file query-v8.cif (mmCIF, C-alpha atoms)
data_work
loop_
_atom_site.label_atom_id
_atom_site.label_comp_id
_atom_site.auth_asym_id
_atom_site.auth_seq_id
_atom_site.Cartn_x
_atom_site.Cartn_y
_atom_site.Cartn_z
CA MET A 642 1.72 27.68 -9.25
CA ARG A 643 5.32 26.57 -9.75
CA ALA A 644 6.23 24.38 -12.70
CA PRO A 645 6.84 20.73 -11.80
CA ILE A 646 10.42 19.61 -11.19
CA ALA A 647 11.86 17.63 -14.10
CA TYR A 648 12.93 14.08 -13.31
CA HIS A 649 16.68 13.54 -13.38
CA PRO A 650 18.70 10.59 -12.03
CA ASP A 651 20.49 12.79 -9.50
CA ILE A 652 17.21 13.56 -7.75
CA GLU A 653 17.99 10.49 -5.64
CA LYS A 654 20.83 10.79 -3.13
CA GLY A 655 21.71 7.40 -1.72
CA SER A 656 24.23 6.71 1.04
CA THR A 657 27.06 4.18 1.14
CA ASP A 658 25.75 2.35 4.24
CA GLU A 659 22.35 1.38 2.82
CA GLY A 660 23.50 -2.14 1.97
CA ALA A 661 23.99 -3.08 5.64
CA THR A 662 20.48 -1.85 6.49
CA HIS A 663 19.03 -3.80 3.58
CA GLU A 664 20.68 -6.99 4.85
CA GLN A 665 19.19 -6.43 8.32
CA LEU A 666 15.77 -5.90 6.73
CA ARG A 667 16.04 -9.25 4.95
CA ARG A 668 16.99 -10.99 8.20
CA THR A 669 14.04 -9.42 9.99
CA PHE A 670 11.63 -10.42 7.24
CA ARG A 671 13.00 -13.96 7.58
CA ARG A 672 12.20 -14.00 11.32
CA ILE A 673 8.62 -12.81 10.74
CA ILE A 674 7.88 -15.18 7.86
CA THR A 675 9.42 -18.27 9.44
CA ALA A 676 7.50 -17.56 12.68
CA THR A 677 4.12 -17.55 10.94
CA HIS A 678 5.07 -20.63 8.91
CA ARG A 679 6.08 -22.49 12.07
CA ASP A 680 2.98 -21.55 14.05
CA ILE A 681 0.14 -21.59 11.51
CA GLY A 682 1.58 -23.80 8.78
CA THR A 683 1.59 -21.10 6.09
CA ALA A 684 4.29 -18.54 5.41
CA SER A 685 2.57 -15.16 5.29
CA ARG A 686 3.91 -11.94 3.83
CA GLY A 687 6.43 -10.19 6.05
CA VAL A 688 4.03 -7.25 6.03
CA HIS A 689 0.41 -7.05 4.82
CA ALA A 690 -0.23 -10.68 5.73
CA LYS A 691 -4.03 -10.63 5.99
CA SER A 692 -6.23 -9.69 3.05
CA HIS A 693 -9.55 -7.91 3.49
CA ALA A 694 -10.52 -7.97 -0.20
CA LEU A 695 -9.19 -9.39 -3.48
CA LEU A 696 -10.68 -7.52 -6.40
CA GLU A 697 -10.73 -7.52 -10.19
CA GLY A 698 -11.47 -4.31 -12.04
CA THR A 699 -10.50 -1.90 -14.78
CA LEU A 700 -8.25 1.15 -14.79
CA HIS A 701 -9.58 3.87 -17.09
CA VAL A 702 -6.96 6.48 -18.00
CA ALA A 703 -8.57 9.91 -18.27
CA ALA A 704 -8.81 11.70 -21.61
CA ASN A 705 -7.62 15.25 -22.30
CA LEU A 706 -5.09 15.40 -19.49
CA PRO A 707 -2.75 18.42 -19.53
CA PRO A 708 0.80 17.61 -20.74
CA GLU A 709 2.30 17.56 -17.23
CA LEU A 710 -0.18 14.82 -16.21
CA ALA A 711 -0.28 12.88 -19.50
CA GLN A 712 2.86 10.95 -18.57
CA GLY A 713 3.94 7.31 -18.56
CA LEU A 714 0.98 4.96 -18.29
CA PHE A 715 -1.30 8.00 -18.29
CA ALA A 716 0.00 9.50 -21.54
CA THR A 717 -2.81 8.03 -23.64
CA PRO A 718 -6.46 7.34 -22.75
CA GLY A 719 -7.17 3.64 -22.43
CA ALA A 720 -8.50 0.83 -20.26
CA TYR A 721 -6.42 -1.82 -18.46
CA ARG A 722 -7.40 -4.87 -16.44
CA LEU A 723 -6.29 -4.64 -12.82
CA THR A 724 -6.04 -6.84 -9.73
CA ALA A 725 -6.27 -5.19 -6.30
CA ARG A 726 -5.59 -6.37 -2.76
CA LEU A 727 -6.85 -4.61 0.37
CA SER A 728 -4.92 -5.75 3.43
CA ALA A 729 -3.97 -5.28 7.07
CA ILE A 730 -0.37 -4.13 7.49
CA PRO A 731 1.08 -6.52 10.17
CA GLY A 732 3.07 -9.58 9.15
CA ASP A 733 0.76 -12.06 10.90
CA PRO A 734 -2.96 -12.57 10.14
CA LEU A 735 -4.44 -11.02 13.28
CA ARG A 736 -8.13 -10.79 14.16
CA ASP A 737 -9.66 -7.47 13.09
CA ALA A 738 -9.96 -6.36 16.74
CA VAL A 739 -6.26 -5.48 16.49
CA SER A 740 -6.92 -2.33 14.49
CA GLY A 741 -4.15 -0.89 12.35
CA PRO A 742 -3.74 0.99 9.06
CA ARG A 743 -4.66 -0.74 5.79
CA GLY A 744 -2.85 -1.24 2.51
CA PHE A 745 -4.17 -1.17 -1.05
CA ALA A 746 -2.01 -2.82 -3.71
CA LEU A 747 -2.73 -2.50 -7.44
CA LYS A 748 -1.44 -4.65 -10.28
CA ILE A 749 -2.27 -3.20 -13.70
CA HIS A 750 -1.97 -5.66 -16.57
CA ASP A 751 -0.65 -5.44 -20.16
CA VAL A 752 0.88 -2.00 -19.77
CA PRO A 753 2.74 -0.50 -22.77
CA GLY A 754 6.28 0.84 -22.69
CA PRO A 755 9.80 0.01 -21.47
CA LEU A 756 9.77 -2.07 -18.27
CA LEU A 757 12.00 -2.06 -15.21
CA GLU A 758 14.42 -4.98 -15.18
CA ASP A 759 12.70 -6.42 -12.08
CA ASN A 760 9.64 -7.19 -14.23
CA LYS A 761 11.55 -9.91 -16.09
CA GLY A 762 9.60 -9.02 -19.21
CA VAL A 763 6.10 -9.25 -17.65
CA ALA A 764 4.07 -6.17 -18.66
CA VAL A 765 2.54 -5.16 -15.31
CA GLN A 766 2.57 -1.97 -13.29
CA ASP A 767 2.22 -2.25 -9.50
CA PHE A 768 1.37 0.69 -7.25
CA LEU A 769 1.28 0.33 -3.44
CA PHE A 770 -0.83 2.51 -1.15
CA ALA A 771 -1.65 2.81 2.56
CA ASN A 772 -4.22 4.96 4.31
CA GLY A 773 -1.76 7.37 5.90
CA ALA A 774 -0.28 10.41 4.19
CA VAL A 775 3.34 9.51 5.03
CA PHE A 776 5.38 6.36 5.58
CA GLY A 777 5.92 5.25 9.17
CA ALA A 778 9.63 6.10 9.05
CA SER A 779 11.75 8.67 7.26
CA ASP A 780 14.22 6.14 5.87
CA ALA A 781 15.22 2.48 5.77
CA ARG A 782 16.84 2.59 9.22
CA GLY A 783 13.55 3.71 10.73
CA PHE A 784 11.72 1.08 8.66
CA LEU A 785 14.07 -1.55 10.10
CA GLN A 786 13.42 -0.39 13.67
CA ASN A 787 9.66 -0.59 13.15
CA LEU A 788 9.93 -4.01 11.52
CA ARG A 789 12.01 -5.33 14.41
CA VAL A 790 9.23 -4.35 16.83
CA LEU A 791 6.74 -6.27 14.67
CA ALA A 792 9.09 -9.25 14.57
CA LEU A 793 9.27 -9.40 18.38
CA THR A 794 5.49 -9.75 18.66
CA THR A 795 4.68 -11.74 15.51
CA ASP A 796 2.13 -14.47 16.26
CA ARG A 797 2.26 -13.75 20.00
CA ALA A 798 -0.25 -12.50 22.57
CA GLU A 799 -3.07 -11.77 20.15
CA GLY A 800 -5.53 -11.31 23.01
CA ALA A 801 -3.29 -8.72 24.64
CA LYS A 802 -2.93 -6.93 21.31
CA ALA A 803 -6.72 -6.76 20.97
CA TRP A 804 -7.06 -5.35 24.50
CA LEU A 805 -4.37 -2.75 23.79
CA SER A 806 -6.07 -1.86 20.52
CA ARG A 807 -9.36 -1.10 22.27
CA THR A 808 -7.52 1.11 24.76
CA LEU A 809 -5.63 2.97 22.05
CA ARG A 810 -8.78 3.49 19.99
CA LEU A 811 -10.41 5.16 22.98
CA THR A 812 -7.36 7.39 23.35
CA GLN A 813 -7.57 8.27 19.66
CA ARG A 814 -11.21 9.30 20.01
CA LEU A 815 -10.24 11.68 22.81
CA LEU A 816 -7.36 13.10 20.76
CA THR A 817 -9.64 13.59 17.77
CA ARG A 818 -12.06 15.54 19.95
CA PHE A 819 -9.45 17.94 21.34
CA ALA A 820 -6.50 17.76 18.91
CA ARG A 821 -5.17 15.76 15.98
CA PRO A 822 -5.15 11.95 16.13
CA SER A 823 -1.75 10.29 16.53
CA ALA A 824 -0.27 8.35 13.60
CA THR A 825 1.96 6.51 16.07
CA LEU A 826 -0.99 5.30 18.15
CA ALA A 827 -2.78 4.27 14.96
CA ALA A 828 0.18 2.14 13.89
CA LEU A 829 0.33 0.49 17.32
CA GLY A 830 -3.30 -0.66 17.13
CA GLY A 831 -5.29 2.50 17.70
CA PHE A 832 -6.46 2.96 14.13
CA THR A 833 -10.11 4.05 13.97
CA PRO A 834 -11.90 1.09 12.30
CA THR A 835 -13.43 2.93 9.37
CA HIS A 836 -14.78 1.12 6.31
CA PRO A 837 -11.81 0.69 3.90
CA LEU A 838 -13.89 1.37 0.79
CA GLY A 839 -14.50 4.88 2.13
CA ASP A 840 -10.84 5.54 3.03
CA ARG A 841 -8.27 7.66 1.22
CA PHE A 842 -5.04 5.82 0.36
CA TYR A 843 -1.61 7.32 -0.37
CA SER A 844 1.51 6.07 -2.14
CA GLN A 845 3.39 7.84 0.72
CA VAL A 846 6.65 7.81 -1.24
CA PRO A 847 7.33 9.15 -4.75
CA VAL A 848 7.75 7.59 -8.15
CA ARG A 849 8.99 8.90 -11.43
CA PHE A 850 6.05 10.29 -13.36
CA GLY A 851 7.36 10.30 -16.92
CA ASP A 852 9.22 13.60 -17.28
CA TYR A 853 8.42 14.53 -13.67
CA VAL A 854 8.15 13.14 -10.11
CA ALA A 855 4.92 12.49 -8.21
CA LYS A 856 3.16 10.93 -5.27
CA LEU A 857 -0.18 9.22 -5.91
CA ASP A 858 -3.38 8.73 -3.98
CA LEU A 859 -6.75 6.95 -4.23
CA VAL A 860 -10.01 8.58 -3.17
CA PRO A 861 -13.57 7.18 -3.28
CA GLU A 862 -15.36 8.41 -6.41
CA SER A 863 -18.67 6.51 -6.64
CA GLU A 864 -21.51 7.25 -4.23
CA SER A 865 -21.39 3.59 -3.14
CA PHE A 866 -17.89 4.21 -1.73
CA ARG A 867 -18.15 7.88 -0.73
CA ARG A 868 -21.04 7.22 1.63
CA LEU A 869 -18.77 4.82 3.54
CA THR A 870 -16.19 7.52 4.37
CA GLY A 871 -15.89 7.70 8.14
CA ARG A 872 -18.36 4.83 8.71
CA LEU A 873 -17.20 2.59 11.56
CA ILE A 874 -17.13 -1.20 11.54
CA ASP A 875 -17.69 -3.19 14.74
CA ILE A 876 -14.45 -5.17 14.82
CA ASP A 877 -14.50 -6.47 18.40
CA HIS A 878 -16.84 -9.44 17.91
CA ASP A 879 -15.91 -10.88 14.51
CA PRO A 880 -12.29 -11.69 13.54
CA VAL A 881 -13.06 -10.97 9.85
CA ALA A 882 -15.60 -8.17 10.27
CA ILE A 883 -13.83 -5.93 7.74
CA ARG A 884 -13.80 -8.66 5.11
CA ARG A 885 -17.53 -9.26 5.60
CA ALA A 886 -18.35 -5.54 5.43
CA ILE A 887 -16.50 -5.17 2.13
CA ARG A 888 -18.13 -8.31 0.69
CA ARG A 889 -21.60 -6.93 1.36
CA VAL A 890 -20.92 -3.73 -0.58
CA MET A 891 -19.00 -5.37 -3.40
CA ALA A 892 -21.58 -8.12 -3.95
CA GLN A 893 -24.42 -5.62 -4.33
CA GLU A 894 -22.93 -2.50 -5.90
CA GLY A 895 -19.21 -2.36 -6.60
CA GLY A 896 -17.80 1.13 -7.02
CA ARG A 897 -15.02 3.44 -8.21
CA PHE A 898 -11.91 5.14 -6.88
CA SER A 899 -10.11 8.11 -8.45
CA LEU A 900 -6.35 7.69 -8.94
CA ARG A 901 -4.65 11.06 -8.56
CA ALA A 902 -1.12 12.46 -8.96
CA GLN A 903 0.64 15.17 -6.93
CA LEU A 904 3.62 16.55 -8.84
CA CYS A 905 6.82 17.58 -7.09
CA ARG A 906 7.27 21.34 -7.51
CA ASP A 907 9.93 22.09 -4.86
CA GLU A 908 12.75 19.63 -4.08
CA GLN A 909 13.36 21.18 -0.64
CA ARG A 910 9.77 21.27 0.59
CA GLN A 911 8.81 18.06 -1.20
CA PRO A 912 11.84 15.82 -0.60
CA VAL A 913 12.31 12.54 -2.41
CA GLU A 914 14.52 10.88 0.21
CA ASN A 915 12.55 11.65 3.40
CA ALA A 916 9.47 9.38 3.44
CA ALA A 917 8.06 10.95 6.62
CA THR A 918 7.55 14.39 5.06
CA GLU A 919 4.06 15.16 3.78
CA TRP A 920 4.01 17.09 0.54
CA SER A 921 1.97 20.26 0.81
CA GLU A 922 -1.27 20.14 -1.16
CA ALA A 923 -1.36 23.94 -1.11
CA LEU A 924 1.94 23.91 -3.00
CA SER A 925 0.92 21.05 -5.29
CA PRO A 926 -2.65 19.69 -5.29
CA PHE A 927 -3.63 16.20 -6.41
CA HIS A 928 -5.22 15.85 -9.86
CA THR A 929 -7.18 12.87 -11.20
CA VAL A 930 -5.40 10.89 -13.92
CA ALA A 931 -7.48 7.67 -13.94
CA THR A 932 -10.48 5.86 -12.47
CA LEU A 933 -10.48 2.41 -10.88
CA GLU A 934 -13.77 0.66 -11.59
CA PHE A 935 -14.74 -2.45 -9.63
CA PRO A 936 -17.96 -4.17 -10.78
CA PRO A 937 -20.08 -6.17 -8.31
CA GLN A 938 -18.20 -9.35 -7.35
CA ASP A 939 -17.36 -11.74 -4.54
CA SER A 940 -14.51 -9.77 -2.99
CA TRP A 941 -12.98 -12.67 -1.02
CA ASN A 942 -13.03 -16.45 -1.22
CA GLU A 943 -10.62 -19.26 -0.42
CA ALA A 944 -9.71 -19.98 -4.03
CA ARG A 945 -8.79 -16.37 -4.77
CA SER A 946 -6.96 -16.12 -1.46
CA TYR A 947 -4.70 -19.00 -2.46
CA GLN A 948 -4.16 -17.53 -5.91
CA ILE A 949 -3.39 -13.97 -4.76
CA ASP A 950 -2.42 -14.10 -1.07
CA GLU A 951 -0.06 -17.05 -1.35
CA CYS A 952 1.14 -17.11 -4.95
CA LEU A 953 1.14 -13.48 -6.13
CA SER A 954 3.67 -10.78 -5.31
CA PHE A 955 3.21 -7.02 -5.42
CA SER A 956 6.16 -4.65 -5.56
CA PRO A 957 6.64 -1.02 -6.60
CA TRP A 958 9.58 -2.35 -8.62
CA HIS A 959 7.20 -4.23 -10.92
CA GLY A 960 6.43 -1.54 -13.45
CA LEU A 961 7.36 0.82 -16.21
CA GLU A 962 10.63 2.71 -16.35
CA ALA A 963 8.41 5.80 -16.62
CA HIS A 964 7.21 5.11 -13.04
CA ARG A 965 10.51 4.08 -11.50
CA PRO A 966 10.29 4.08 -7.66
CA LEU A 967 12.35 6.81 -6.00
CA GLY A 968 13.96 7.40 -2.64
CA ASN A 969 15.44 5.60 0.34
CA ILE A 970 12.37 3.55 1.27
CA MET A 971 11.83 2.43 -2.31
CA ARG A 972 15.43 1.23 -2.56
CA ALA A 973 14.93 -0.71 0.68
CA ARG A 974 11.80 -2.31 -0.77
CA ARG A 975 13.76 -3.37 -3.85
CA ALA A 976 16.29 -5.11 -1.63
CA SER A 977 13.82 -6.84 0.71
CA TYR A 978 10.51 -7.52 -1.06
CA PRO A 979 11.86 -10.06 -3.60
CA PHE A 980 13.58 -11.86 -0.72
CA SER A 981 10.30 -11.96 1.22
CA ALA A 982 8.38 -13.26 -1.80
CA GLY A 983 11.01 -15.89 -2.56
CA LEU A 984 11.05 -17.19 1.01
CA ARG A 985 7.25 -17.45 1.09
CA SER A 986 7.36 -19.32 -2.21
CA ARG A 987 9.88 -21.87 -0.93
CA LEU A 988 8.15 -22.48 2.40
CA ASN A 989 4.66 -22.77 0.92
CA GLY A 990 5.71 -24.75 -2.15
CA CYS A 991 3.85 -22.27 -4.37
CA PRO A 992 5.73 -20.72 -7.29
CA MET A 993 5.59 -16.93 -6.93
CA LYS A 994 3.96 -15.14 -9.87
CA PHE A 995 3.59 -11.63 -11.22
CA LEU A 996 0.15 -12.50 -12.64
CA PRO A 997 -2.94 -14.03 -10.95
#

call {"tool": "encode", "arguments": {"input": "query-v8.cif", "output": "structure tokens"}}
result
Amino acid sequence: MRAPIAYHPDIEKGSTDEGATHEQLRRTFRRIITATHRDIGTASRGVHAKSHALLEGTLHVAANLPPELAQGLFATPGAYRLTARLSAIPGDPLRDAVSGPRGFALKIHDVPGPLLEDNKGVAVQDFLFANGAVFGASDARGFLQNLRVLALTTDRAEGAKAWLSRTLRLTQRLLTRFARPSATLAALGGFTPTHPLGDRFYSQVPVRFGDYVAKLDLVPESESFRRLTGRLIDIDHDPVAIRRAIRRVMAQEGGRFSLRAQLCRDEQRQPVENAATEWSEALSPFHTVATLEFPPQDSWNEARSYQIDECLSFSPWHGLEAHRPLGNIMRARRASYPFSAGLRSRLNGCPMKFLP
């Protein structure tokens, strides 16, 4: 196996026209957020508006990691308190019958080491995941195009979206039987409604990993979660069916995910700037660096929803310098996510926080 590529600042190759795209992203986020505020009285996130679960747990960094994995936060065994948010990706809180990919955001507390300037001195490390191997666009321009489509339909025709979702899910089942399912159809509402606690989640885009560069993923580790892999949820008759399904498991058992790292070993075949390229696991497999442990708990209630959904922000730019976000999409997130959080804060009258 090839040695991992050493991190160096020149591994990123930005372009001079990114600023104009970032400004258009901010304008599009404004349209989405102001639309939900106007129509439902609350300014939701520009993306990931609806939460399925709001969890408290512990991150356990593995002991005896090899030197190439014992990097940054994972350099020394230890335990850290964490807050997690499982969510639907659209920017308006749709009924679950509109089935799309899910997000999984982590906020790890009291982390040691030099912080990114965006942290403003607060010692947290955020990692963002979604249950698709690659981002929905290769770069910020593609991200903007996708976001504009979402903006056109935000808080409109929810019944039509649910009907389309049922149709697309049927199409996906046929594709799965005879070929590979379509990521595009999944993003449009054809996502197979599996139980999120049994799903695999991906960072999709890379981060600095101490001396190296890596993508991350989350996979179910405990039997309580692994037995849910591939299990379907009936989403067509209950607007919060996913939330209820998670609450049942979390109230009785809780469970664990493995946090794994995939090191970059070839800059050409594992590009940093193209977010739509899947890194080969044959070239560089994932290896466990930590465990996320979630004890039995009430995974969603109104009080925690106000505290986390409305008043807490997650960003890959909240973190350690050792896990600096990398690539075109990450730079776009740095330009647009603080704007989105600030606008929500002003419209809702809730000061935005890094900590719950």

call {"tool": "resolve_selection", "arguments": {"input": "query-v8.cif", "expression": "the PyMOL selection byres ((chain A and resi 910-917) around 7)", "output": "list in words"}}
result
Glu653, Val775, Phe776, Gly777, Ala778, Ser779, Asp780, Gln845, Val846, Pro847, Cys905, Asp907, Glu908, Gln909, Thr918, Glu919, Trp920, Leu967, Gly968, Asn969 and Ile970 of chain A

call {"tool": "residues_near_point", "arguments": {"input": "query-v8.cif", "point": "(-11.0, 2.8, 1.7)", "cutoff": "9 Å", "atoms": "only C-alpha atoms", "output": "PDB file with C-alpha atoms, in the coordinates of the input"}}
result
ATOM      1  CA  LEU A 727      -6.850  -4.610   0.370  1.00  0.00           C
ATOM      2  CA  ARG A 743      -4.660  -0.740   5.790  1.00  0.00           C
ATOM      3  CA  PHE A 745      -4.170  -1.170  -1.050  1.00  0.00           C
ATOM      4  CA  ASN A 772      -4.220   4.960   4.310  1.00  0.00           C
ATOM      5  CA  THR A 835     -13.430   2.930   9.370  1.00  0.00           C
ATOM      6  CA  HIS A 836     -14.780   1.120   6.310  1.00  0.00           C
ATOM      7  CA  PRO A 837     -11.810   0.690   3.900  1.00  0.00           C
ATOM      8  CA  LEU A 838     -13.890   1.370   0.790  1.00  0.00           C
ATOM      9  CA  GLY A 839     -14.500   4.880   2.130  1.00  0.00           C
ATOM     10  CA  ASP A 840     -10.840   5.540   3.030  1.00  0.00           C
ATOM     11  CA  ARG A 841      -8.270   7.660   1.220  1.00  0.00           C
ATOM     12  CA  PHE A 842      -5.040   5.820   0.360  1.00  0.00           C
ATOM     13  CA  LEU A 859      -6.750   6.950  -4.230  1.00  0.00           C
ATOM     14  CA  VAL A 860     -10.010   8.580  -3.170  1.00  0.00           C
ATOM     15  CA  PRO A 861     -13.570   7.180  -3.280  1.00  0.00           C
ATOM     16  CA  PHE A 866     -17.890   4.210  -1.730  1.00  0.00           C
ATOM     17  CA  LEU A 869     -18.770   4.820   3.540  1.00  0.00           C
ATOM     18  CA  THR A 870     -16.190   7.520   4.370  1.00  0.00           C
ATOM     19  CA  PHE A 898     -11.910   5.140  -6.880  1.00  0.00           C
TER      20      PHE A 898
END

call {"tool": "closest_residue", "arguments": {"input": "query-v8.cif", "among": "A:Pro650, A:Pro734, A:Gly960, A:Pro992", "to": "Gly762 (chain A)", "atoms": "only C-alpha atoms"}}
result
A:Gly960

call {"tool": "residues_near_point", "arguments": {"input": "query-v8.cif", "point": "(-20.2, -4.4, -8.2)", "cutoff": "6 Å", "atoms": "only C-alpha atoms", "output": "list in words"}}
result
Met891, Ala892, Gln893, Glu894, Gly895, Phe935, Pro936, Pro937 and Gln938 of chain A

call {"tool": "closest_residue", "arguments": {"input": "query-v8.cif", "among": "A:His959, A:Arg736, A:Arg889, A:His701", "to": "Arg975 (chain A)", "atoms": "all atoms listed in the file"}}
result
A:His959

call {"tool": "resolve_selection", "arguments": {"input": "query-v8.cif", "expression": "the PyMOL selection byres ((chain A and resi 787) around 12)", "output": "compact mmCIF listing (two decimals) with C-alpha atoms, in the frame of the given file"}}
result
# COMPACT_ATOMS: atom_id res chain seq x y z
CA LEU A 666 15.77 -5.90 6.73
CA THR A 669 14.04 -9.42 9.99
CA PHE A 670 11.63 -10.42 7.24
CA VAL A 688 4.03 -7.25 6.03
CA PRO A 731 1.08 -6.52 10.17
CA GLY A 732 3.07 -9.58 9.15
CA PHE A 776 5.38 6.36 5.58
CA GLY A 777 5.92 5.25 9.17
CA ALA A 778 9.63 6.10 9.05
CA SER A 779 11.75 8.67 7.26
CA ASP A 780 14.22 6.14 5.87
CA ALA A 781 15.22 2.48 5.77
CA ARG A 782 16.84 2.59 9.22
CA GLY A 783 13.55 3.71 10.73
CA PHE A 784 11.72 1.08 8.66
CA LEU A 785 14.07 -1.55 10.10
CA GLN A 786 13.42 -0.39 13.67
CA LEU A 788 9.93 -4.01 11.52
CA ARG A 789 12.01 -5.33 14.41
CA VAL A 790 9.23 -4.35 16.83
CA LEU A 791 6.74 -6.27 14.67
CA ALA A 792 9.09 -9.25 14.57
CA LEU A 793 9.27 -9.40 18.38
CA THR A 794 5.49 -9.75 18.66
CA THR A 825 1.96 6.51 16.07
CA ALA A 828 0.18 2.14 13.89
CA LEU A 829 0.33 0.49 17.32

call {"tool": "closest_residue", "arguments": {"input": "query-v8.cif", "among": "A:Asp759, A:Glu951, A:Asp879, A:Glu922", "to": "Met642 (chain A)", "atoms": "all atoms listed in the file"}}
result
A:Glu922

call {"tool": "atom_distance", "arguments": {"input": "query-v8.cif", "atom1": "CA of Leu900 (chain A)", "atom2": "CA of Asp852 (chain A)"}}
result
18.6 Å

call {"tool": "atom_distance", "arguments": {"input": "query-v8.cif", "atom1": "CA of Glu709 (chain A)", "atom2": "CA of Phe955 (chain A)"}}
result
27.3 Å

call {"tool": "atom_distance", "arguments": {"input": "query-v8.cif", "atom1": "CA of Ala774 (chain A)", "atom2": "CA of Val702 (chain A)"}}
result
23.5 Å
